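Enquirer: Dropping in target-v5.csv, with CSV, C-alpha atoms.
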chain,number,residue,atom,x,y,z
A,99,MET,CA,82.2,81.1,104.9
A,100,ARG,CA,82.2,82.4,108.5
A,101,SER,CA,79.9,85.4,107.7
A,102,THR,CA,77.3,83.1,106.0
A,103,ALA,CA,77.4,80.7,108.9
A,104,LEU,CA,76.8,83.5,111.4
A,105,ASN,CA,73.8,84.7,109.4
A,106,ARG,CA,71.8,81.4,109.2
A,107,GLY,CA,73.6,80.4,106.0
A,108,MET,CA,72.9,83.5,104.0
A,109,ARG,CA,74.9,86.8,103.9
A,110,VAL,CA,73.0,89.9,102.7
A,111,ILE,CA,75.0,93.0,102.1
A,112,SER,CA,74.6,96.0,99.9
A,113,VAL,CA,76.7,96.1,96.7
A,114,LYS,CA,78.4,99.4,97.6
A,115,GLU,CA,79.2,98.3,101.2
A,116,PHE,CA,80.4,94.9,99.9
A,117,TYR,CA,82.9,96.4,97.5
A,118,HIS,CA,84.0,99.1,100.0
A,119,LYS,CA,84.6,96.6,102.7
A,120,TYR,CA,86.5,93.9,100.7
A,121,CYS,CA,88.5,96.4,98.6
A,122,ASN,CA,89.9,97.8,101.8
A,123,ILE,CA,90.5,94.4,103.4
A,124,LEU,CA,92.1,92.7,100.4
A,125,GLN,CA,93.8,95.9,99.0
A,126,VAL,CA,92.6,95.2,95.5
A,127,SER,CA,90.4,96.9,92.9
A,128,LYS,CA,86.6,96.4,92.4
A,129,ARG,CA,87.4,94.5,89.2
A,130,MET,CA,89.6,92.0,91.1
A,131,ILE,CA,86.8,91.5,93.7
A,132,GLN,CA,84.5,90.6,90.7
A,133,VAL,CA,87.0,88.1,89.4
A,134,TYR,CA,87.3,86.6,92.9
A,135,LEU,CA,83.5,86.3,93.1
A,136,GLN,CA,83.5,84.3,89.8
A,137,THR,CA,86.0,81.8,91.2
A,138,LEU,CA,84.0,81.5,94.4
A,139,ARG,CA,80.8,80.5,92.5
A,140,LYS,CA,81.9,76.9,92.7
A,141,TYR,CA,81.3,77.0,96.5
A,142,PHE,CA,78.9,79.9,97.0
A,143,SER,CA,75.6,81.0,95.5
A,144,VAL,CA,76.0,84.7,94.7
A,145,HIS,CA,73.0,86.8,93.5
A,146,ILE,CA,72.3,90.5,93.3
A,147,LYS,CA,68.7,91.6,94.0
A,148,ASP,CA,67.5,95.2,94.8
A,149,GLY,CA,71.1,96.4,95.1
A,150,LYS,CA,72.1,93.8,97.6
A,151,TYR,CA,74.4,90.7,97.4
A,152,TYR,CA,72.8,87.5,98.6
A,153,ILE,CA,75.6,85.0,99.3
A,154,LYS,CA,74.9,81.5,100.4
A,155,PHE,CA,77.5,78.8,101.1
A,156,LEU,CA,77.1,75.5,99.2
A,157,GLY,CA,78.8,73.3,101.7
A,158,GLY,CA,78.1,69.9,100.1
A,159,LYS,CA,80.2,70.6,97.0
A,160,LEU,CA,83.3,71.7,99.0
A,161,PHE,CA,83.6,68.5,101.0
A,162,GLN,CA,82.7,66.1,98.2
A,163,LYS,CA,85.3,63.6,97.3
A,164,PRO,CA,86.3,63.6,93.6
A,165,THR,CA,85.0,60.7,91.7
A,166,LYS,CA,86.0,58.9,88.5
A,167,SER,CA,83.9,56.7,86.3
A,168,ILE,CA,85.4,53.4,85.0
A,169,LYS,CA,83.8,51.5,82.2
A,170,GLY,CA,83.4,47.8,82.9
A,171,LYS,CA,82.3,45.1,80.5
A,172,ARG,CA,78.6,45.5,81.3
A,173,ALA,CA,78.3,48.7,83.4
A,174,THR,CA,80.1,51.9,84.3
A,175,TYR,CA,81.3,52.2,87.9
A,176,VAL,CA,82.0,55.3,89.9
A,177,CYS,CA,84.9,55.2,92.4
A,178,VAL,CA,86.7,57.7,94.5
A,179,ASN,CA,89.6,59.4,92.7
A,180,THR,CA,92.1,60.5,95.3
A,181,ALA,CA,94.9,63.0,94.9
A,182,ALA,CA,97.5,60.2,95.0
A,183,ASP,CA,95.7,58.3,92.2
A,184,GLN,CA,95.5,61.5,90.1
A,185,GLN,CA,99.3,62.0,90.6
A,186,ARG,CA,100.1,58.4,89.7
A,187,GLU,CA,97.9,58.5,86.6
A,188,TYR,CA,99.6,61.7,85.5
A,189,VAL,CA,103.1,60.2,86.0
A,190,GLY,CA,102.0,57.1,84.1
A,191,SER,CA,100.6,59.1,81.2
A,192,VAL,CA,103.7,61.2,81.0
A,193,LEU,CA,106.0,58.2,80.8
A,194,LEU,CA,103.8,56.5,78.2
A,195,ARG,CA,103.6,59.6,76.1
A,196,ARG,CA,107.4,60.1,76.2
A,197,GLN,CA,108.0,56.6,75.0
A,198,GLN,CA,105.2,56.9,72.4
A,199,LEU,CA,103.4,53.8,73.6
A,200,ALA,CA,99.7,53.4,72.8
A,201,LYS,CA,97.4,52.6,75.7
A,202,LYS,CA,95.4,49.4,75.4
A,203,LYS,CA,92.9,50.5,78.1
A,204,GLU,CA,92.1,53.9,79.7
A,205,GLU,CA,93.3,52.6,83.1
A,206,ASP,CA,96.8,51.8,81.8
A,207,ALA,CA,98.3,55.1,82.9
A,208,LEU,CA,96.9,54.7,86.4
A,209,ASP,CA,98.1,51.1,86.6
A,210,LEU,CA,101.6,52.1,85.5
A,211,GLY,CA,101.6,54.8,88.2
A,212,LYS,CA,100.5,52.3,90.8
A,213,MET,CA,103.2,49.8,89.7
A,214,ILE,CA,105.9,52.5,90.0
A,215,HIS,CA,104.7,53.2,93.5
A,216,GLN,CA,104.7,49.5,94.3
A,217,TYR,CA,108.3,49.0,93.2
A,218,SER,CA,109.7,52.3,94.4
A,219,SER,CA,111.0,51.0,97.6
A,220,ALA,CA,112.8,48.1,95.8
A,221,ILE,CA,114.4,50.6,93.4
A,222,LYS,CA,115.3,53.1,96.1
A,223,SER,CA,117.0,50.4,98.2
A,224,LYS,CA,119.4,49.9,95.3
A,225,GLY,CA,120.3,53.6,95.4
A,226,ASP,CA,118.7,54.5,92.1
A,227,ASP,CA,116.2,57.2,91.1
A,228,VAL,CA,112.7,55.6,90.6
A,229,ILE,CA,111.6,57.6,87.6
A,230,THR,CA,114.8,57.2,85.6
A,231,VAL,CA,115.0,53.5,86.2
A,232,VAL,CA,111.4,52.9,85.2
A,233,SER,CA,111.8,55.2,82.2
A,234,GLU,CA,114.8,53.2,81.0
A,235,ILE,CA,112.9,50.0,81.4
A,236,LEU,CA,109.9,51.4,79.6
A,237,HIS,CA,112.2,52.6,76.8
A,238,ASN,CA,113.5,49.1,76.3
A,239,PHE,CA,110.0,47.8,76.5
A,240,ALA,CA,108.9,50.2,73.8
A,241,ASP,CA,111.6,48.8,71.5
A,242,GLU,CA,109.9,45.4,71.6
A,243,CYS,CA,106.3,46.5,71.3
A,244,ILE,CA,104.2,49.5,70.4
A,245,LEU,CA,101.1,48.7,72.4
A,246,PHE,CA,101.4,49.0,76.1
A,247,ASP,CA,100.1,46.0,78.0
A,248,ILE,CA,100.3,46.3,81.8
A,249,LYS,CA,100.5,42.5,82.5
A,250,TYR,CA,103.4,42.0,80.1
A,251,PHE,CA,105.2,45.1,81.3
A,252,HIS,CA,104.8,43.9,84.9
A,253,LYS,CA,106.7,40.7,84.0
A,254,TYR,CA,109.3,42.7,82.1
A,255,LEU,CA,109.8,45.1,85.0
A,256,ARG,CA,110.3,42.3,87.5
A,257,HIS,CA,112.8,40.6,85.2
A,258,ALA,CA,114.7,43.9,84.6
A,259,LEU,CA,114.8,44.6,88.4
A,260,LYS,CA,116.0,41.0,89.0
A,261,LEU,CA,113.1,40.3,91.4
A,262,ASP,CA,112.1,37.0,89.8
A,263,ASP,CA,113.0,33.9,91.9
Translate this file's structure into structure tokens.

Expert:
Amino acid sequence: MRSTALNRGMRVISVKEFYHKYCNILQVSKRMIQVYLQTLRKYFSVHIKDGKYYIKFLGGKLFQKPTKSIKGKRATYVCVNTAADQQREYVGSVLLRRQQLAKKKEEDALDLGKMIHQYSSAIKSKGDDVITVVSEILHNFADECILFDIKYFHKYLRHALKLDD
């Protein structure tokens, strides 16, 4: 990145010199340098012409926030998909899969992950592990119904945690 920025966005170097330089710096073989170049193609434009590498940094892709499309009733919406949302969706999908519950909507796993995050402080204050408590409640919920409904589970969770007034 630095060498492309210093050379007006484009780094031009002969193939032989490129491999000699980076094989010595990284202490790897020529084949490994080629593998590294393949992984860098997401962020760099790499071309060979007349025995020279032309390497250009594609900065816009690197700093782009990950997005996710959500289907609504009439349109599809694009929203930012943060790392925390990705982790919450993964935790929700794992718990649903373990209890063999069918999702009613695609967003159910993310909603379950958000609900776990929402009630984590209440569960931790009782001195319990969040995932094991939610897993047990989800297991009891799975005994009653096969299809996962986030609204019904929310009421079930509040009743199980004794948070209802």

Enquirer: Given all atoms listed in the file as the basis, pick out the residue of A:Ile221, A:Leu236, A:Cys177, A:Val228 nearest to Leu259 (chain A).

Expert: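 Closest candidate: A:Ile221.
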
Enquirer: Rounded to one decimal in Å, what is the spacing between CA of Thr180 (chain A) and CA of Leu210 (chain A)?

Expert: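 For CA of Thr180 (chain A) relative to CA of Leu210 (chain A), the distance reads 16.0 Å.
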
Enquirer: Under the rule that only C-alpha atoms are counted, which of A:Lys212, A:Arg129, A:Lys222, A:Arg106 is the nearest residue to Ile153 (chain A)?

Expert: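 For Ile153 (chain A), the nearest of the given residues is A:Arg106.
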
Enquirer: Please identify all polymer residues within 12 Å of Glu115 (chain A), counting only C-alpha atoms, omitting same-chain residues fewer than 3 positions from it, and present them as number ranges by chain.

Expert: A: 110-112, 118-122, 128, 149-151

Enquirer: How would the residues just picked look written out with C-alpha atoms as a compact mmCIF listing (two decimals), in the frame of the given file?

Expert:
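Listed below is the output, again.txt:
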# COMPACT_ATOMS: atom_id res chain seq x y z
CA VAL A 110 73.00 89.90 102.70
CA ILE A 111 75.00 93.00 102.10
CA SER A 112 74.60 96.00 99.90
CA HIS A 118 84.00 99.10 100.00
CA LYS A 119 84.60 96.60 102.70
CA TYR A 120 86.50 93.90 100.70
CA CYS A 121 88.50 96.40 98.60
CA ASN A 122 89.90 97.80 101.80
CA LYS A 128 86.60 96.40 92.40
CA GLY A 149 71.10 96.40 95.10
CA LYS A 150 72.10 93.80 97.60
CA TYR A 151 74.40 90.70 97.40

Enquirer: Could you please determine the separation between CA of His252 (chain A) and CA of Ser191 (chain A) in Å, to one decimal place?

Expert: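 CA of Ser191 (chain A) lies 16.2 Å from CA of His252 (chain A).
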
Enquirer: With all atoms listed in the file counted, which protein, DNA or RNA residues have an atom no more than 10 Å from (109.6, 58.8, 79.8) in the file frame? Please answer as a PyMOL selection string.

Expert: chain A and resi 189-198+229-237

Enquirer: List the neighbours of Tyr250 (chain A) out to 12 Å using only C-alpha atoms; skip same-chain residues closer than 4 positions along the sequence, and give me the result as number ranges by chain.

Expert: A: 202, 206, 210, 236, 239-240, 242-243, 245-246, 254-257

Enquirer: Name the closest residue to Ala220 (chain A) among the candidates A:Ile248, A:Leu261, A:Ala200, A:Ala173; distances are taken between atoms, counting only C-alpha atoms.

Expert: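 That would be A:Leu261, the residue with the smallest distance to Ala220 (chain A).
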
Enquirer: Between A:Gln185, A:Asn179, A:Gln132, A:Thr137, which has the minimum distance to His215 (chain A) (counting all atoms listed in the file)?

Expert: A:Gln185

Enquirer: Could you list, as a PyMOL selection string, every residue within 12 Å of Thr165 (chain A), counting only C-alpha atoms and ignoring same-chain residues fewer than 3 positions away?

Expert: chain A and resi 162+168+175-181+183-184

Enquirer: Mind writing the picked residues with C-alpha atoms as a PDB file, in the coordinates of the input?

Expert:
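Saved as out_19.pdb:
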ATOM      1  CA  GLN A 162      82.700  66.100  98.200  1.00  0.00           C
ATOM      2  CA  ILE A 168      85.400  53.400  85.000  1.00  0.00           C
ATOM      3  CA  TYR A 175      81.300  52.200  87.900  1.00  0.00           C
ATOM      4  CA  VAL A 176      82.000  55.300  89.900  1.00  0.00           C
ATOM      5  CA  CYS A 177      84.900  55.200  92.400  1.00  0.00           C
ATOM      6  CA  VAL A 178      86.700  57.700  94.500  1.00  0.00           C
ATOM      7  CA  ASN A 179      89.600  59.400  92.700  1.00  0.00           C
ATOM      8  CA  THR A 180      92.100  60.500  95.300  1.00  0.00           C
ATOM      9  CA  ALA A 181      94.900  63.000  94.900  1.00  0.00           C
ATOM     10  CA  ASP A 183      95.700  58.300  92.200  1.00  0.00           C
ATOM     11  CA  GLN A 184      95.500  61.500  90.100  1.00  0.00           C
TER      12      GLN A 184
END

Enquirer: Considering all atoms listed in the file, return as a list in words whatever protein or nucleic-acid residues lie within 6 Å of Gly211 (chain A), sequence-local ones (same chain, fewer than 3 positions apart) excluded.

Expert: Arg186, Glu187, Gly190, Leu208 and Ile214 of chain A

Enquirer: For the selection you just gave me, I'd like the residues written to a file as a PDB file, keeping the file's coordinate frame, keeping C-alpha atoms.

Expert:
ATOM      1  CA  ARG A 186     100.100  58.400  89.700  1.00  0.00           C
ATOM      2  CA  GLU A 187      97.900  58.500  86.600  1.00  0.00           C
ATOM      3  CA  GLY A 190     102.000  57.100  84.100  1.00  0.00           C
ATOM      4  CA  LEU A 208      96.900  54.700  86.400  1.00  0.00           C
ATOM      5  CA  ILE A 214     105.900  52.500  90.000  1.00  0.00           C
TER       6      ILE A 214
END

Enquirer: For CA of Leu124 (chain A) and CA of Tyr152 (chain A), quote the distance in Å rounded to one decimal.

Expert: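 Separating CA of Leu124 (chain A) from CA of Tyr152 (chain A) is a distance of 20.1 Å.
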
Enquirer: Of the candidates A:Lys224, A:His145, A:Lys140, A:Lys154, which one gets nearest to Gly107 (chain A) if we count only C-alpha atoms?

Expert: A:Lys154

Enquirer: Using the incomplete input, complete region 169-180 of chain A to the level of all heavy atoms; output as a PDB file, in the coordinates of the input.

Expert:
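New file out-v4.pdb:
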ATOM      1  N   LYS A 169      84.660  52.324  82.977  1.00  0.00           N
ATOM      2  CA  LYS A 169      83.800  51.500  82.200  1.00  0.00           C
ATOM      3  C   LYS A 169      84.195  50.016  82.350  1.00  0.00           C
ATOM      4  O   LYS A 169      85.347  49.646  82.169  1.00  0.00           O
ATOM      5  CB  LYS A 169      83.916  51.846  80.693  1.00  0.00           C
ATOM      6  CG  LYS A 169      83.295  53.165  80.359  1.00  0.00           C
ATOM      7  CD  LYS A 169      83.374  53.437  78.880  1.00  0.00           C
ATOM      8  CE  LYS A 169      82.754  54.778  78.567  1.00  0.00           C
ATOM      9  NZ  LYS A 169      82.840  55.079  77.143  1.00  0.00           N
ATOM     10  N   GLY A 170      83.228  49.215  82.741  1.00  0.00           N
ATOM     11  CA  GLY A 170      83.400  47.800  82.900  1.00  0.00           C
ATOM     12  C   GLY A 170      82.903  47.094  81.604  1.00  0.00           C
ATOM     13  O   GLY A 170      82.578  47.737  80.608  1.00  0.00           O
ATOM     14  N   LYS A 171      82.796  45.782  81.645  1.00  0.00           N
ATOM     15  CA  LYS A 171      82.300  45.100  80.500  1.00  0.00           C
ATOM     16  C   LYS A 171      80.788  45.310  80.280  1.00  0.00           C
ATOM     17  O   LYS A 171      80.314  45.440  79.159  1.00  0.00           O
ATOM     18  CB  LYS A 171      82.512  43.555  80.654  1.00  0.00           C
ATOM     19  CG  LYS A 171      83.961  43.157  80.498  1.00  0.00           C
ATOM     20  CD  LYS A 171      84.115  41.661  80.572  1.00  0.00           C
ATOM     21  CE  LYS A 171      85.569  41.278  80.387  1.00  0.00           C
ATOM     22  NZ  LYS A 171      85.791  39.841  80.490  1.00  0.00           N
ATOM     23  N   ARG A 172      80.045  45.389  81.400  1.00  0.00           N
ATOM     24  CA  ARG A 172      78.600  45.500  81.300  1.00  0.00           C
ATOM     25  C   ARG A 172      78.065  46.832  81.878  1.00  0.00           C
ATOM     26  O   ARG A 172      76.949  47.219  81.581  1.00  0.00           O
ATOM     27  CB  ARG A 172      77.917  44.365  81.968  1.00  0.00           C
ATOM     28  CG  ARG A 172      78.228  43.064  81.299  1.00  0.00           C
ATOM     29  CD  ARG A 172      77.389  41.949  81.844  1.00  0.00           C
ATOM     30  NE  ARG A 172      77.734  40.715  81.162  1.00  0.00           N
ATOM     31  CZ  ARG A 172      78.012  39.591  81.751  1.00  0.00           C
ATOM     32  NH1 ARG A 172      77.974  39.510  83.062  1.00  0.00           N
ATOM     33  NH2 ARG A 172      78.323  38.530  81.055  1.00  0.00           N
ATOM     34  N   ALA A 173      78.830  47.479  82.740  1.00  0.00           N
ATOM     35  CA  ALA A 173      78.300  48.700  83.400  1.00  0.00           C
ATOM     36  C   ALA A 173      79.459  49.671  83.628  1.00  0.00           C
ATOM     37  O   ALA A 173      80.631  49.345  83.485  1.00  0.00           O
ATOM     38  CB  ALA A 173      77.702  48.296  84.752  1.00  0.00           C
ATOM     39  N   THR A 174      79.094  50.880  83.983  1.00  0.00           N
ATOM     40  CA  THR A 174      80.100  51.900  84.300  1.00  0.00           C
ATOM     41  C   THR A 174      80.044  52.099  85.822  1.00  0.00           C
ATOM     42  O   THR A 174      78.979  52.272  86.425  1.00  0.00           O
ATOM     43  CB  THR A 174      79.707  53.237  83.626  1.00  0.00           C
ATOM     44  OG1 THR A 174      79.658  53.003  82.215  1.00  0.00           O
ATOM     45  CG2 THR A 174      80.734  54.307  83.930  1.00  0.00           C
ATOM     46  N   TYR A 175      81.219  52.059  86.435  1.00  0.00           N
ATOM     47  CA  TYR A 175      81.300  52.200  87.900  1.00  0.00           C
ATOM     48  C   TYR A 175      81.899  53.522  88.266  1.00  0.00           C
ATOM     49  O   TYR A 175      82.725  54.076  87.559  1.00  0.00           O
ATOM     50  CB  TYR A 175      82.269  51.064  88.416  1.00  0.00           C
ATOM     51  CG  TYR A 175      81.825  49.680  88.036  1.00  0.00           C
ATOM     52  CD1 TYR A 175      82.403  49.017  86.960  1.00  0.00           C
ATOM     53  CD2 TYR A 175      80.818  49.038  88.741  1.00  0.00           C
ATOM     54  CE1 TYR A 175      81.991  47.752  86.594  1.00  0.00           C
ATOM     55  CE2 TYR A 175      80.396  47.772  88.392  1.00  0.00           C
ATOM     56  CZ  TYR A 175      80.986  47.132  87.323  1.00  0.00           C
ATOM     57  OH  TYR A 175      80.564  45.881  86.964  1.00  0.00           O
ATOM     58  N   VAL A 176      81.451  54.024  89.401  1.00  0.00           N
ATOM     59  CA  VAL A 176      82.000  55.300  89.900  1.00  0.00           C
ATOM     60  C   VAL A 176      82.765  54.978  91.175  1.00  0.00           C
ATOM     61  O   VAL A 176      82.289  54.304  92.083  1.00  0.00           O
ATOM     62  CB  VAL A 176      80.798  56.258  90.264  1.00  0.00           C
ATOM     63  CG1 VAL A 176      81.322  57.525  90.882  1.00  0.00           C
ATOM     64  CG2 VAL A 176      79.982  56.561  89.012  1.00  0.00           C
ATOM     65  N   CYS A 177      84.009  55.451  91.214  1.00  0.00           N
ATOM     66  CA  CYS A 177      84.900  55.200  92.400  1.00  0.00           C
ATOM     67  C   CYS A 177      85.533  56.516  92.787  1.00  0.00           C
ATOM     68  O   CYS A 177      85.557  57.483  92.035  1.00  0.00           O
ATOM     69  CB  CYS A 177      85.909  54.135  92.077  1.00  0.00           C
ATOM     70  SG  CYS A 177      87.073  54.608  90.816  1.00  0.00           S
ATOM     71  N   VAL A 178      86.078  56.534  93.983  1.00  0.00           N
ATOM     72  CA  VAL A 178      86.700  57.700  94.500  1.00  0.00           C
ATOM     73  C   VAL A 178      88.089  57.900  93.807  1.00  0.00           C
ATOM     74  O   VAL A 178      88.847  56.952  93.627  1.00  0.00           O
ATOM     75  CB  VAL A 178      86.945  57.581  96.038  1.00  0.00           C
ATOM     76  CG1 VAL A 178      87.714  58.763  96.589  1.00  0.00           C
ATOM     77  CG2 VAL A 178      85.603  57.461  96.724  1.00  0.00           C
ATOM     78  N   ASN A 179      88.373  59.117  93.375  1.00  0.00           N
ATOM     79  CA  ASN A 179      89.600  59.400  92.700  1.00  0.00           C
ATOM     80  C   ASN A 179      90.444  60.333  93.601  1.00  0.00           C
ATOM     81  O   ASN A 179      90.276  61.551  93.607  1.00  0.00           O
ATOM     82  CB  ASN A 179      89.312  60.122  91.353  1.00  0.00           C
ATOM     83  CG  ASN A 179      90.506  60.202  90.465  1.00  0.00           C
ATOM     84  OD1 ASN A 179      91.486  59.509  90.668  1.00  0.00           O
ATOM     85  ND2 ASN A 179      90.438  61.046  89.460  1.00  0.00           N
ATOM     86  N   THR A 180      91.331  59.750  94.378  1.00  0.00           N
ATOM     87  CA  THR A 180      92.100  60.500  95.300  1.00  0.00           C
ATOM     88  C   THR A 180      93.215  61.298  94.662  1.00  0.00           C
ATOM     89  O   THR A 180      93.533  61.066  93.489  1.00  0.00           O
ATOM     90  CB  THR A 180      92.730  59.581  96.395  1.00  0.00           C
ATOM     91  OG1 THR A 180      93.636  58.687  95.738  1.00  0.00           O
ATOM     92  CG2 THR A 180      91.676  58.793  97.134  1.00  0.00           C
TER      93      THR A 180
END
